[in-house]
Amino acid sequence: MMDIEKRIAFFNEVALIVPTGSLDNEETMRVDFVDPEEKALYATGEETGEQIYFDLAEIDMNEYIFYQFVSVSPKSILGVENI
């Protein structure tokens, strides 16, 4: 099992949490912030706008897909100087 410090670092990089498998009736959640003191994650449901609290130690990492937003430039992707 991933220790709590690694989970805090991981979730600080996550932007979206999408439930899978048995949790497919839950909604996609946008990560708002990770509270290292509380060892908790706060997210907002994309459909309902409801704030959701997670105890970091209790999140089943196999029941979700985690997405990270990455900034890219068209120049770097397309390999061109001018667009």
# chains A, B, ... in the order shown; residues from 1 in each chain; ligands from 1
$ residues_around --residues "Ser22 in chain A" --least-positions-apart "4" --cutoff "10 Å" --atoms "only C-alpha atoms" --output "PyMOL selection string"
chain A and resi 26+63-64
$ write_last_selection --atoms "all heavy atoms" --output "CSV table (one decimal), in the first residue's frame"
chain,number,residue,atom,x,y,z
A,26,GLU,N,-21.0,6.7,-9.7
A,26,GLU,CA,-20.5,7.9,-9.2
A,26,GLU,C,-20.1,8.8,-10.3
A,26,GLU,O,-19.9,8.4,-11.4
A,26,GLU,CB,-19.3,7.7,-8.2
A,26,GLU,CG,-19.7,7.0,-6.9
A,26,GLU,CD,-18.6,6.9,-6.0
A,26,GLU,OE1,-17.5,7.6,-6.2
A,26,GLU,OE2,-18.7,6.1,-5.0
A,63,GLU,N,-10.0,1.6,-8.0
A,63,GLU,CA,-11.4,1.9,-8.4
A,63,GLU,C,-11.6,3.2,-9.2
A,63,GLU,O,-12.7,3.6,-9.5
A,63,GLU,CB,-12.3,1.9,-7.1
A,63,GLU,CG,-12.5,0.6,-6.5
A,63,GLU,CD,-13.3,-0.4,-7.3
A,63,GLU,OE1,-14.2,0.1,-8.1
A,63,GLU,OE2,-13.1,-1.6,-7.2
A,64,TYR,N,-10.5,3.9,-9.4
A,64,TYR,CA,-10.6,5.2,-10.1
A,64,TYR,C,-9.5,5.3,-11.2
A,64,TYR,O,-8.5,4.6,-11.1
A,64,TYR,CB,-10.4,6.3,-9.1
A,64,TYR,CG,-11.4,6.4,-8.0
A,64,TYR,CD1,-11.2,5.8,-6.8
A,64,TYR,CD2,-12.6,7.1,-8.2
A,64,TYR,CE1,-12.1,5.9,-5.8
A,64,TYR,CE2,-13.5,7.2,-7.2
A,64,TYR,CZ,-13.3,6.5,-6.0
A,64,TYR,OH,-14.3,6.6,-5.0
$ select_by_dssp --residues "chain A" --states "strand (DSSP E or B)" --output "list in words"
Leu16, Ile17, Val18, Pro19, Met29, Arg30, Val31, Asp32, Phe33, Val34, Asp35, Ala40, Leu41, Tyr42, Ala43, Thr44, Gly45, Gln51, Ile52, Tyr53, Phe54, Asp55, Tyr64, Ile65, Phe66 and Tyr67 of chain A
$ write_last_selection --atoms "C-alpha atoms" --output "compact mmCIF listing (two decimals), in the first residue's frame"
# COMPACT_ATOMS: atom_id res chain seq x y z
CA LEU A 16 -9.68 14.73 -12.28
CA ILE A 17 -10.84 11.52 -10.64
CA VAL A 18 -13.08 9.23 -12.69
CA PRO A 19 -14.77 6.26 -10.99
CA MET A 29 -14.75 14.72 -9.69
CA ARG A 30 -12.47 17.74 -10.05
CA VAL A 31 -9.76 17.87 -7.37
CA ASP A 32 -9.99 21.14 -5.43
CA PHE A 33 -7.18 20.68 -2.93
CA VAL A 34 -5.30 18.23 -0.75
CA ASP A 35 -5.07 19.02 2.96
CA ALA A 40 -7.74 14.51 3.13
CA LEU A 41 -8.69 15.37 -0.42
CA TYR A 42 -11.54 17.69 -1.36
CA ALA A 43 -13.13 17.42 -4.78
CA THR A 44 -16.19 18.77 -6.57
CA GLY A 45 -18.59 16.61 -8.54
CA GLN A 51 -18.13 19.01 -2.58
CA ILE A 52 -16.77 15.55 -1.76
CA TYR A 53 -14.39 14.66 1.08
CA PHE A 54 -11.97 11.72 0.88
CA ASP A 55 -9.72 10.37 3.60
CA TYR A 64 -10.58 5.18 -10.11
CA ILE A 65 -8.77 6.58 -13.14
CA PHE A 66 -6.71 9.67 -12.36
CA TYR A 67 -6.03 12.45 -14.84
$ atom_distance --atom1 "CA of Glu37 in chain A" --atom2 "CA of Glu58 in chain A"
15.6 Å
$ closest_residue --among "A:Gly79, A:Pro74, A:Gly49, A:Pro36" --to "Arg7 in chain A" --atoms "only C-alpha atoms"
A:Pro36
$ residues_around --residues "Gln68 in chain A" --least-positions-apart "4" --cutoff "7 Å" --atoms "only C-alpha atoms" --output "ChimeraX atom specification"
/A:13-16
$ select_by_dssp --residues "chain A" --states "helix (DSSP H, G or I)" --output "PyMOL selection string"
chain A and resi 4-12+21-23+56-58+74-78
$ closest_residue --among "A:Glu27, A:Gly21, A:Glu81, A:Lys75" --to "Asn62 in chain A" --atoms "only C-alpha atoms"
A:Gly21
